[in-house]
$ cat structure.cif   # mmCIF, C-alpha atoms
data_entry
#
loop_
_atom_site.group_PDB
_atom_site.id
_atom_site.type_symbol
_atom_site.label_atom_id
_atom_site.label_comp_id
_atom_site.auth_asym_id
_atom_site.auth_seq_id
_atom_site.Cartn_x
_atom_site.Cartn_y
_atom_site.Cartn_z
ATOM 1 C CA MET V 1 0.000 0.000 0.000
ATOM 2 C CA SER V 2 1.038 3.533 -0.646
ATOM 3 C CA GLU V 3 1.741 6.135 2.017
ATOM 4 C CA ARG V 4 -1.386 7.361 3.831
ATOM 5 C CA LYS V 5 -2.626 10.814 2.996
ATOM 6 C CA ILE V 6 -5.158 13.243 4.405
ATOM 7 C CA LEU V 7 -7.956 13.608 1.881
ATOM 8 C CA THR V 8 -9.698 16.901 1.087
ATOM 9 C CA LEU V 9 -13.281 17.008 2.323
ATOM 10 C CA THR V 10 -16.167 17.935 0.066
ATOM 11 C CA ARG V 11 -18.408 20.586 1.555
ATOM 12 C CA ALA V 12 -22.144 21.188 1.557
ATOM 13 C CA GLY V 13 -23.151 22.431 -1.867
ATOM 14 C CA ASN V 14 -20.923 19.966 -3.743
ATOM 15 C CA PRO V 15 -23.338 17.886 -5.888
ATOM 16 C CA ILE V 16 -21.645 14.563 -4.993
ATOM 17 C CA LEU V 17 -23.101 14.863 -1.470
ATOM 18 C CA ARG V 18 -26.605 14.620 -2.982
ATOM 19 C CA GLU V 19 -25.947 11.559 -5.163
ATOM 20 C CA VAL V 20 -26.826 7.943 -4.417
ATOM 21 C CA MET V 21 -23.556 6.013 -4.428
ATOM 22 C CA PRO V 22 -23.197 2.799 -6.453
ATOM 23 C CA GLU V 23 -22.734 -0.408 -4.482
ATOM 24 C CA LEU V 24 -19.463 -2.298 -4.644
ATOM 25 C CA SER V 25 -18.980 -5.942 -5.652
ATOM 26 C CA ARG V 26 -16.690 -8.195 -3.609
ATOM 27 C CA GLU V 27 -14.069 -7.956 -6.376
ATOM 28 C CA GLU V 28 -14.203 -4.156 -6.237
ATOM 29 C CA ILE V 29 -14.041 -4.180 -2.418
ATOM 30 C CA ILE V 30 -10.782 -6.126 -2.356
ATOM 31 C CA SER V 31 -9.204 -4.144 -5.211
ATOM 32 C CA THR V 32 -6.087 -2.089 -4.523
ATOM 33 C CA GLU V 33 -7.967 1.111 -5.432
ATOM 34 C CA ILE V 34 -10.691 0.566 -2.827
ATOM 35 C CA GLN V 35 -8.277 -0.736 -0.168
ATOM 36 C CA ASN V 36 -6.145 2.415 -0.560
ATOM 37 C CA LEU V 37 -9.254 4.613 -0.453
ATOM 38 C CA ILE V 38 -10.413 2.906 2.757
ATOM 39 C CA ALA V 39 -6.985 3.359 4.371
ATOM 40 C CA ASN V 40 -6.894 7.048 3.410
ATOM 41 C CA ILE V 41 -10.465 7.700 4.609
ATOM 42 C CA ARG V 42 -9.645 5.977 7.912
ATOM 43 C CA TYR V 43 -6.451 8.018 8.282
ATOM 44 C CA THR V 44 -8.224 11.286 7.391
ATOM 45 C CA ASN V 45 -10.949 10.564 9.950
ATOM 46 C CA GLN V 46 -8.391 9.685 12.650
ATOM 47 C CA VAL V 47 -6.409 12.913 12.293
ATOM 48 C CA ARG V 48 -9.464 15.179 12.340
ATOM 49 C CA PRO V 49 -10.243 16.203 15.933
ATOM 50 C CA THR V 50 -14.011 15.703 15.854
ATOM 51 C CA GLY V 51 -14.552 13.006 13.261
ATOM 52 C CA VAL V 52 -16.279 9.746 14.186
ATOM 53 C CA GLY V 53 -17.182 8.777 10.637
ATOM 54 C CA LEU V 54 -16.368 9.701 7.068
ATOM 55 C CA SER V 55 -17.915 8.530 3.806
ATOM 56 C CA ALA V 56 -16.469 8.167 0.319
ATOM 57 C CA PRO V 57 -18.578 11.009 -1.158
ATOM 58 C CA GLN V 58 -17.256 13.288 1.600
ATOM 59 C CA VAL V 59 -13.822 12.893 0.012
ATOM 60 C CA GLY V 60 -15.099 13.090 -3.566
ATOM 61 C CA ALA V 61 -15.254 9.336 -4.293
ATOM 62 C CA ARG V 62 -18.389 7.732 -5.766
ATOM 63 C CA PHE V 63 -18.609 4.477 -3.797
ATOM 64 C CA ALA V 64 -21.054 3.149 -1.200
ATOM 65 C CA LEU V 65 -18.542 2.992 1.630
ATOM 66 C CA SER V 66 -17.896 4.766 4.903
ATOM 67 C CA VAL V 67 -15.447 4.362 7.754
ATOM 68 C CA ILE V 68 -16.711 4.648 11.314
ATOM 69 C CA GLY V 69 -14.057 5.280 13.961
ATOM 70 C CA ILE V 70 -15.686 5.883 17.345
ATOM 71 C CA LYS V 71 -13.352 6.012 20.330
ATOM 72 C CA PRO V 72 -13.603 7.433 23.853
ATOM 73 C CA THR V 73 -12.291 10.977 24.173
ATOM 74 C CA PRO V 74 -11.624 13.221 27.182
ATOM 75 C CA ASN V 75 -14.948 14.973 26.509
ATOM 76 C CA ARG V 76 -16.818 11.696 25.859
ATOM 77 C CA PRO V 77 -15.030 9.034 27.937
ATOM 78 C CA ASN V 78 -17.959 6.584 27.928
ATOM 79 C CA LEU V 79 -18.244 6.124 24.170
ATOM 80 C CA GLU V 80 -18.407 2.520 23.011
ATOM 81 C CA PRO V 81 -15.456 1.969 20.637
ATOM 82 C CA PHE V 82 -16.526 0.971 17.136
ATOM 83 C CA ASP V 83 -13.985 0.849 14.302
ATOM 84 C CA GLN V 84 -15.619 -0.507 11.194
ATOM 85 C CA VAL V 85 -15.664 -0.069 7.440
ATOM 86 C CA ILE V 86 -19.268 -0.199 6.250
ATOM 87 C CA ILE V 87 -19.761 -0.988 2.569
ATOM 88 C CA ASN V 88 -23.201 -1.146 0.910
ATOM 89 C CA PRO V 89 -24.826 -0.515 4.313
ATOM 90 C CA LYS V 90 -28.548 -0.848 4.971
ATOM 91 C CA TYR V 91 -30.575 -0.532 8.155
ATOM 92 C CA GLU V 92 -34.076 -0.771 9.526
ATOM 93 C CA GLY V 93 -35.065 1.297 12.504
ATOM 94 C CA ILE V 94 -36.433 -0.250 15.680
ATOM 95 C CA GLY V 95 -39.064 1.819 17.481
ATOM 96 C CA ARG V 96 -39.610 5.513 16.881
ATOM 97 C CA ARG V 97 -37.153 8.151 15.784
ATOM 98 C CA THR V 98 -36.108 10.809 18.246
ATOM 99 C CA GLY V 99 -34.152 14.051 17.955
ATOM 100 C CA MET V 100 -30.413 13.535 18.468
ATOM 101 C CA TRP V 101 -27.695 16.181 18.257
ATOM 102 C CA GLU V 102 -25.236 15.894 15.417
ATOM 103 C CA GLY V 103 -22.917 17.787 13.131
ATOM 104 C CA CYS V 104 -21.046 16.899 9.959
ATOM 105 C CA GLN V 105 -17.481 17.302 8.747
ATOM 106 C CA SER V 106 -18.854 18.501 5.393
ATOM 107 C CA ILE V 107 -20.943 21.239 7.010
ATOM 108 C CA GLY V 108 -18.328 23.467 8.591
ATOM 109 C CA SER V 109 -15.136 23.092 10.566
ATOM 110 C CA GLY V 110 -14.065 24.009 14.072
ATOM 111 C CA ASP V 111 -16.405 26.488 15.762
ATOM 112 C CA ASP V 112 -18.135 27.011 12.417
ATOM 113 C CA THR V 113 -19.512 23.462 12.243
ATOM 114 C CA LEU V 114 -23.302 23.411 12.145
ATOM 115 C CA TYR V 115 -25.165 21.258 14.681
ATOM 116 C CA GLY V 116 -28.835 20.396 14.917
ATOM 117 C CA LYS V 117 -31.237 17.794 16.302
ATOM 118 C CA ALA V 118 -31.709 15.164 13.590
ATOM 119 C CA LEU V 119 -34.380 12.470 13.814
ATOM 120 C CA ARG V 120 -32.665 9.113 14.372
ATOM 121 C CA TYR V 121 -33.480 5.661 15.666
ATOM 122 C CA LYS V 122 -31.855 4.725 18.971
ATOM 123 C CA LYS V 123 -31.617 1.115 17.798
ATOM 124 C CA ILE V 124 -31.322 -0.388 14.314
ATOM 125 C CA GLU V 125 -30.971 -3.696 12.523
ATOM 126 C CA ALA V 126 -27.859 -3.076 10.409
ATOM 127 C CA ARG V 127 -26.375 -4.939 7.468
ATOM 128 C CA TRP V 128 -23.084 -4.169 5.718
ATOM 129 C CA HIS V 129 -19.961 -5.627 4.187
ATOM 130 C CA ASP V 130 -16.520 -4.933 5.660
ATOM 131 C CA GLU V 131 -13.263 -4.242 3.806
ATOM 132 C CA THR V 132 -12.752 -7.966 3.126
ATOM 133 C CA GLY V 133 -16.225 -8.340 1.625
ATOM 134 C CA LYS V 134 -17.579 -10.215 4.653
ATOM 135 C CA LEU V 135 -21.275 -9.626 5.367
ATOM 136 C CA HIS V 136 -22.239 -8.410 8.847
ATOM 137 C CA GLU V 137 -25.744 -8.320 10.332
ATOM 138 C CA ARG V 138 -26.065 -6.827 13.809
ATOM 139 C CA THR V 139 -28.399 -4.949 16.052
ATOM 140 C CA LEU V 140 -26.731 -1.625 16.851
ATOM 141 C CA GLY V 141 -27.749 0.832 19.541
ATOM 142 C CA GLY V 142 -26.819 4.181 21.049
ATOM 143 C CA PHE V 143 -24.132 6.341 19.496
ATOM 144 C CA VAL V 144 -22.976 3.550 17.158
ATOM 145 C CA ALA V 145 -26.493 3.297 15.657
ATOM 146 C CA HIS V 146 -26.628 7.093 15.406
ATOM 147 C CA VAL V 147 -23.335 7.323 13.467
ATOM 148 C CA PHE V 148 -24.233 4.309 11.283
ATOM 149 C CA GLN V 149 -27.439 6.076 10.186
ATOM 150 C CA HIS V 150 -25.576 9.338 9.497
ATOM 151 C CA GLU V 151 -22.913 7.597 7.390
ATOM 152 C CA THR V 152 -25.464 5.468 5.514
ATOM 153 C CA ASP V 153 -27.418 8.632 4.716
ATOM 154 C CA HIS V 154 -24.285 10.111 3.117
ATOM 155 C CA LEU V 155 -24.257 7.195 0.686
ATOM 156 C CA ASN V 156 -27.860 7.931 -0.273
ATOM 157 C CA GLY V 157 -27.478 11.665 -0.916
ATOM 158 C CA VAL V 158 -28.986 12.680 2.429
ATOM 159 C CA LEU V 159 -27.382 15.190 4.804
ATOM 160 C CA PHE V 160 -28.194 15.420 8.501
ATOM 161 C CA ILE V 161 -29.808 18.818 7.909
ATOM 162 C CA ASP V 162 -32.500 16.961 5.914
ATOM 163 C CA ARG V 163 -33.372 15.010 9.085
ATOM 164 C CA VAL V 164 -33.751 18.116 11.292
ATOM 165 C CA ARG V 165 -37.444 18.871 11.816
ATOM 166 C CA ASP V 166 -37.054 21.917 14.069
ATOM 167 C CA SER V 167 -34.762 24.504 12.484
ATOM 168 C CA ARG V 168 -34.607 26.312 15.851
ATOM 169 C CA THR V 169 -32.179 23.597 17.012
ATOM 170 C CA PHE V 170 -29.498 24.675 14.515
ATOM 171 C CA MET V 171 -26.440 26.165 16.209
ATOM 172 C CA MET V 172 -22.741 26.509 15.650
ATOM 173 C CA ALA V 173 -20.212 24.204 17.361
ATOM 174 C CA ASP V 174 -19.054 26.740 19.950
ATOM 175 C CA GLU V 175 -22.673 27.374 21.032
ATOM 176 C CA TYR V 176 -23.376 23.633 21.017
ATOM 177 C CA ARG V 177 -20.438 23.011 23.362
ATOM 178 C CA LYS V 178 -21.541 25.813 25.736
ATOM 179 C CA ARG V 179 -25.273 25.094 25.775
ATOM 180 C CA ILE V 180 -25.685 21.383 25.078
ATOM 181 C CA ALA V 181 -22.428 19.511 25.631
ATOM 182 C CA LYS V 182 -21.326 21.879 28.431
ATOM 183 C CA GLN V 183 -17.709 21.629 27.289
ATOM 184 C CA PRO V 184 -15.180 24.422 27.482
ATOM 185 C CA LYS V 185 -13.957 26.035 24.279
ATOM 186 C CA LYS V 186 -10.712 24.534 23.044
#
$ encode --input "structure.cif" --output "structure tokens"
Amino acid sequence: MSERKILTLTRAGNPILREVMPELSREEIISTEIQNLIANIRYTNQVRPTGVGLSAPQVGARFALSVIGIKPTPNRPNLEPFDQVIINPKYEGIGRRTGMWEGCQSIGSGDDTLYGKALRYKKIEARWHDETGKLHERTLGGFVAHVFQHETDHLNGVLFIDRVRDSRTFMMADEYRKRIAKQPKK
């Protein structure tokens, strides 16, 4: 594999973020091109301070794949770790959707990241292939289910702002930290 690189993020307004991404075959999944893309998306997500997930269209690539990299942080020490490539993901919600706070790496950066309460399921039945082509079927809950839905939406041309029903919840990251997360400014 080639040296890892930080990929440039596409931003809201770029048409690729509104496209439905084509699914990948097992042969495509294990190709050098896709394996390098996965490694670079993972690396890009790891070096960004707030990223917990990043999809191929967010880096300008037209493939139905995302990388989820959830890990505990000083501000969120109780997060359940979840490091998974999700390819051709699908899910079905369990129960009712509820408003959950979220932002997006393609909708701002730093204090200028937009947050809002998006409607999400707290629990889902998820199905996806990993980077080896292996099929996974699991019930996911909590923050993992939340991020899985967000990343799957990216592959279907949906942004979290489309899931916000009350526009009065929109706020910038610095206000979100002060009012909702109660975290000091960095």
$ atom_distance --input "structure.cif" --atom1 "CA of His129 (chain V)" --atom2 "CA of Thr73 (chain V)"
27.1 Å
$ resolve_selection --input "structure.cif" --expression "the PyMOL selection byres ((chain V and resi 161) around 9)" --output "ChimeraX atom specification"
/V:103,115-118,158-160,162-165,167,170
$ write_last_selection --input "structure.cif" --atoms "C-alpha atoms" --output "mmCIF file, in the coordinates of the input"
data_model
loop_
_atom_site.group_PDB
_atom_site.id
_atom_site.type_symbol
_atom_site.label_atom_id
_atom_site.label_comp_id
_atom_site.auth_asym_id
_atom_site.auth_seq_id
_atom_site.Cartn_x
_atom_site.Cartn_y
_atom_site.Cartn_z
ATOM 1 C CA GLY V 103 -22.917 17.787 13.131
ATOM 2 C CA TYR V 115 -25.165 21.258 14.681
ATOM 3 C CA GLY V 116 -28.835 20.396 14.917
ATOM 4 C CA LYS V 117 -31.237 17.794 16.302
ATOM 5 C CA ALA V 118 -31.709 15.164 13.590
ATOM 6 C CA VAL V 158 -28.986 12.680 2.429
ATOM 7 C CA LEU V 159 -27.382 15.190 4.804
ATOM 8 C CA PHE V 160 -28.194 15.420 8.501
ATOM 9 C CA ASP V 162 -32.500 16.961 5.914
ATOM 10 C CA ARG V 163 -33.372 15.010 9.085
ATOM 11 C CA VAL V 164 -33.751 18.116 11.292
ATOM 12 C CA ARG V 165 -37.444 18.871 11.816
ATOM 13 C CA SER V 167 -34.762 24.504 12.484
ATOM 14 C CA PHE V 170 -29.498 24.675 14.515
#
$ atom_distance --input "structure.cif" --atom1 "CA of Gly99 (chain V)" --atom2 "CA of Val67 (chain V)"
23.4 Å
$ atom_distance --input "structure.cif" --atom1 "CA of Glu137 (chain V)" --atom2 "CA of Gln105 (chain V)"
27.0 Å
$ resolve_selection --input "structure.cif" --expression "the PyMOL selection byres ((chain V and resi 64) around 10)" --output "number ranges by chain"
V: 20-24, 55-57, 61-63, 65-66, 86-89, 151-152, 154-156
$ closest_residue --input "structure.cif" --among "V:Asn78, V:Thr169, V:Gln58, V:Thr98" --to "Asp153 (chain V)" --atoms "all atoms listed in the file"
V:Gln58
$ resolve_selection --input "structure.cif" --expression "the PyMOL selection byres ((chain V and resi 175) around 12)" --output "ChimeraX atom specification"
/V:110-116,169-174,176-185
$ residues_around --input "structure.cif" --residues "Leu140 (chain V)" --least-positions-apart "3" --cutoff "7 Å" --atoms "all atoms listed in the file" --output "ChimeraX atom specification"
/V:123-126,144-145
$ decode --input "structure.cif" --residues "region 2-124 of chain V" --atoms "C-alpha atoms" --output "mmCIF file, in the first residue's frame"
data_model
loop_
_atom_site.group_PDB
_atom_site.id
_atom_site.type_symbol
_atom_site.label_atom_id
_atom_site.label_comp_id
_atom_site.auth_asym_id
_atom_site.auth_seq_id
_atom_site.Cartn_x
_atom_site.Cartn_y
_atom_site.Cartn_z
ATOM 1 C CA SER V 2 1.038 3.533 -0.646
ATOM 2 C CA GLU V 3 1.741 6.135 2.017
ATOM 3 C CA ARG V 4 -1.386 7.361 3.831
ATOM 4 C CA LYS V 5 -2.626 10.814 2.996
ATOM 5 C CA ILE V 6 -5.158 13.243 4.405
ATOM 6 C CA LEU V 7 -7.956 13.608 1.881
ATOM 7 C CA THR V 8 -9.698 16.901 1.087
ATOM 8 C CA LEU V 9 -13.281 17.008 2.323
ATOM 9 C CA THR V 10 -16.167 17.935 0.066
ATOM 10 C CA ARG V 11 -18.408 20.586 1.555
ATOM 11 C CA ALA V 12 -22.144 21.188 1.557
ATOM 12 C CA GLY V 13 -23.151 22.431 -1.867
ATOM 13 C CA ASN V 14 -20.923 19.966 -3.743
ATOM 14 C CA PRO V 15 -23.338 17.886 -5.888
ATOM 15 C CA ILE V 16 -21.645 14.563 -4.993
ATOM 16 C CA LEU V 17 -23.101 14.863 -1.470
ATOM 17 C CA ARG V 18 -26.605 14.620 -2.982
ATOM 18 C CA GLU V 19 -25.947 11.559 -5.163
ATOM 19 C CA VAL V 20 -26.826 7.943 -4.417
ATOM 20 C CA MET V 21 -23.556 6.013 -4.428
ATOM 21 C CA PRO V 22 -23.197 2.799 -6.453
ATOM 22 C CA GLU V 23 -22.734 -0.408 -4.482
ATOM 23 C CA LEU V 24 -19.463 -2.298 -4.644
ATOM 24 C CA SER V 25 -18.980 -5.942 -5.652
ATOM 25 C CA ARG V 26 -16.690 -8.195 -3.609
ATOM 26 C CA GLU V 27 -14.069 -7.956 -6.376
ATOM 27 C CA GLU V 28 -14.203 -4.156 -6.237
ATOM 28 C CA ILE V 29 -14.041 -4.180 -2.418
ATOM 29 C CA ILE V 30 -10.782 -6.126 -2.356
ATOM 30 C CA SER V 31 -9.204 -4.144 -5.211
ATOM 31 C CA THR V 32 -6.087 -2.089 -4.523
ATOM 32 C CA GLU V 33 -7.967 1.111 -5.432
ATOM 33 C CA ILE V 34 -10.691 0.566 -2.827
ATOM 34 C CA GLN V 35 -8.277 -0.736 -0.168
ATOM 35 C CA ASN V 36 -6.145 2.415 -0.560
ATOM 36 C CA LEU V 37 -9.254 4.613 -0.453
ATOM 37 C CA ILE V 38 -10.413 2.906 2.757
ATOM 38 C CA ALA V 39 -6.985 3.359 4.371
ATOM 39 C CA ASN V 40 -6.894 7.048 3.410
ATOM 40 C CA ILE V 41 -10.465 7.700 4.609
ATOM 41 C CA ARG V 42 -9.645 5.977 7.912
ATOM 42 C CA TYR V 43 -6.451 8.018 8.282
ATOM 43 C CA THR V 44 -8.224 11.286 7.391
ATOM 44 C CA ASN V 45 -10.949 10.564 9.950
ATOM 45 C CA GLN V 46 -8.391 9.685 12.650
ATOM 46 C CA VAL V 47 -6.409 12.913 12.293
ATOM 47 C CA ARG V 48 -9.464 15.179 12.340
ATOM 48 C CA PRO V 49 -10.243 16.203 15.933
ATOM 49 C CA THR V 50 -14.011 15.703 15.854
ATOM 50 C CA GLY V 51 -14.552 13.006 13.261
ATOM 51 C CA VAL V 52 -16.279 9.746 14.186
ATOM 52 C CA GLY V 53 -17.182 8.777 10.637
ATOM 53 C CA LEU V 54 -16.368 9.701 7.068
ATOM 54 C CA SER V 55 -17.915 8.530 3.806
ATOM 55 C CA ALA V 56 -16.469 8.167 0.319
ATOM 56 C CA PRO V 57 -18.578 11.009 -1.158
ATOM 57 C CA GLN V 58 -17.256 13.288 1.600
ATOM 58 C CA VAL V 59 -13.822 12.893 0.012
ATOM 59 C CA GLY V 60 -15.099 13.090 -3.566
ATOM 60 C CA ALA V 61 -15.254 9.336 -4.293
ATOM 61 C CA ARG V 62 -18.389 7.732 -5.766
ATOM 62 C CA PHE V 63 -18.609 4.477 -3.797
ATOM 63 C CA ALA V 64 -21.054 3.149 -1.200
ATOM 64 C CA LEU V 65 -18.542 2.992 1.630
ATOM 65 C CA SER V 66 -17.896 4.766 4.903
ATOM 66 C CA VAL V 67 -15.447 4.362 7.754
ATOM 67 C CA ILE V 68 -16.711 4.648 11.314
ATOM 68 C CA GLY V 69 -14.057 5.280 13.961
ATOM 69 C CA ILE V 70 -15.686 5.883 17.345
ATOM 70 C CA LYS V 71 -13.352 6.012 20.330
ATOM 71 C CA PRO V 72 -13.603 7.433 23.853
ATOM 72 C CA THR V 73 -12.291 10.977 24.173
ATOM 73 C CA PRO V 74 -11.624 13.221 27.182
ATOM 74 C CA ASN V 75 -14.948 14.973 26.509
ATOM 75 C CA ARG V 76 -16.818 11.696 25.859
ATOM 76 C CA PRO V 77 -15.030 9.034 27.937
ATOM 77 C CA ASN V 78 -17.959 6.584 27.928
ATOM 78 C CA LEU V 79 -18.244 6.124 24.170
ATOM 79 C CA GLU V 80 -18.407 2.520 23.011
ATOM 80 C CA PRO V 81 -15.456 1.969 20.637
ATOM 81 C CA PHE V 82 -16.526 0.971 17.136
ATOM 82 C CA ASP V 83 -13.985 0.849 14.302
ATOM 83 C CA GLN V 84 -15.619 -0.507 11.194
ATOM 84 C CA VAL V 85 -15.664 -0.069 7.440
ATOM 85 C CA ILE V 86 -19.268 -0.199 6.250
ATOM 86 C CA ILE V 87 -19.761 -0.988 2.569
ATOM 87 C CA ASN V 88 -23.201 -1.146 0.910
ATOM 88 C CA PRO V 89 -24.826 -0.515 4.313
ATOM 89 C CA LYS V 90 -28.548 -0.848 4.971
ATOM 90 C CA TYR V 91 -30.575 -0.532 8.155
ATOM 91 C CA GLU V 92 -34.076 -0.771 9.526
ATOM 92 C CA GLY V 93 -35.065 1.297 12.504
ATOM 93 C CA ILE V 94 -36.433 -0.250 15.680
ATOM 94 C CA GLY V 95 -39.064 1.819 17.481
ATOM 95 C CA ARG V 96 -39.610 5.513 16.881
ATOM 96 C CA ARG V 97 -37.153 8.151 15.784
ATOM 97 C CA THR V 98 -36.108 10.809 18.246
ATOM 98 C CA GLY V 99 -34.152 14.051 17.955
ATOM 99 C CA MET V 100 -30.413 13.535 18.468
ATOM 100 C CA TRP V 101 -27.695 16.181 18.257
ATOM 101 C CA GLU V 102 -25.236 15.894 15.417
ATOM 102 C CA GLY V 103 -22.917 17.787 13.131
ATOM 103 C CA CYS V 104 -21.046 16.899 9.959
ATOM 104 C CA GLN V 105 -17.481 17.302 8.747
ATOM 105 C CA SER V 106 -18.854 18.501 5.393
ATOM 106 C CA ILE V 107 -20.943 21.239 7.010
ATOM 107 C CA GLY V 108 -18.328 23.467 8.591
ATOM 108 C CA SER V 109 -15.136 23.092 10.566
ATOM 109 C CA GLY V 110 -14.065 24.009 14.072
ATOM 110 C CA ASP V 111 -16.405 26.488 15.762
ATOM 111 C CA ASP V 112 -18.135 27.011 12.417
ATOM 112 C CA THR V 113 -19.512 23.462 12.243
ATOM 113 C CA LEU V 114 -23.302 23.411 12.145
ATOM 114 C CA TYR V 115 -25.165 21.258 14.681
ATOM 115 C CA GLY V 116 -28.835 20.396 14.917
ATOM 116 C CA LYS V 117 -31.237 17.794 16.302
ATOM 117 C CA ALA V 118 -31.709 15.164 13.590
ATOM 118 C CA LEU V 119 -34.380 12.470 13.814
ATOM 119 C CA ARG V 120 -32.665 9.113 14.372
ATOM 120 C CA TYR V 121 -33.480 5.661 15.666
ATOM 121 C CA LYS V 122 -31.855 4.725 18.971
ATOM 122 C CA LYS V 123 -31.617 1.115 17.798
ATOM 123 C CA ILE V 124 -31.322 -0.388 14.314
#
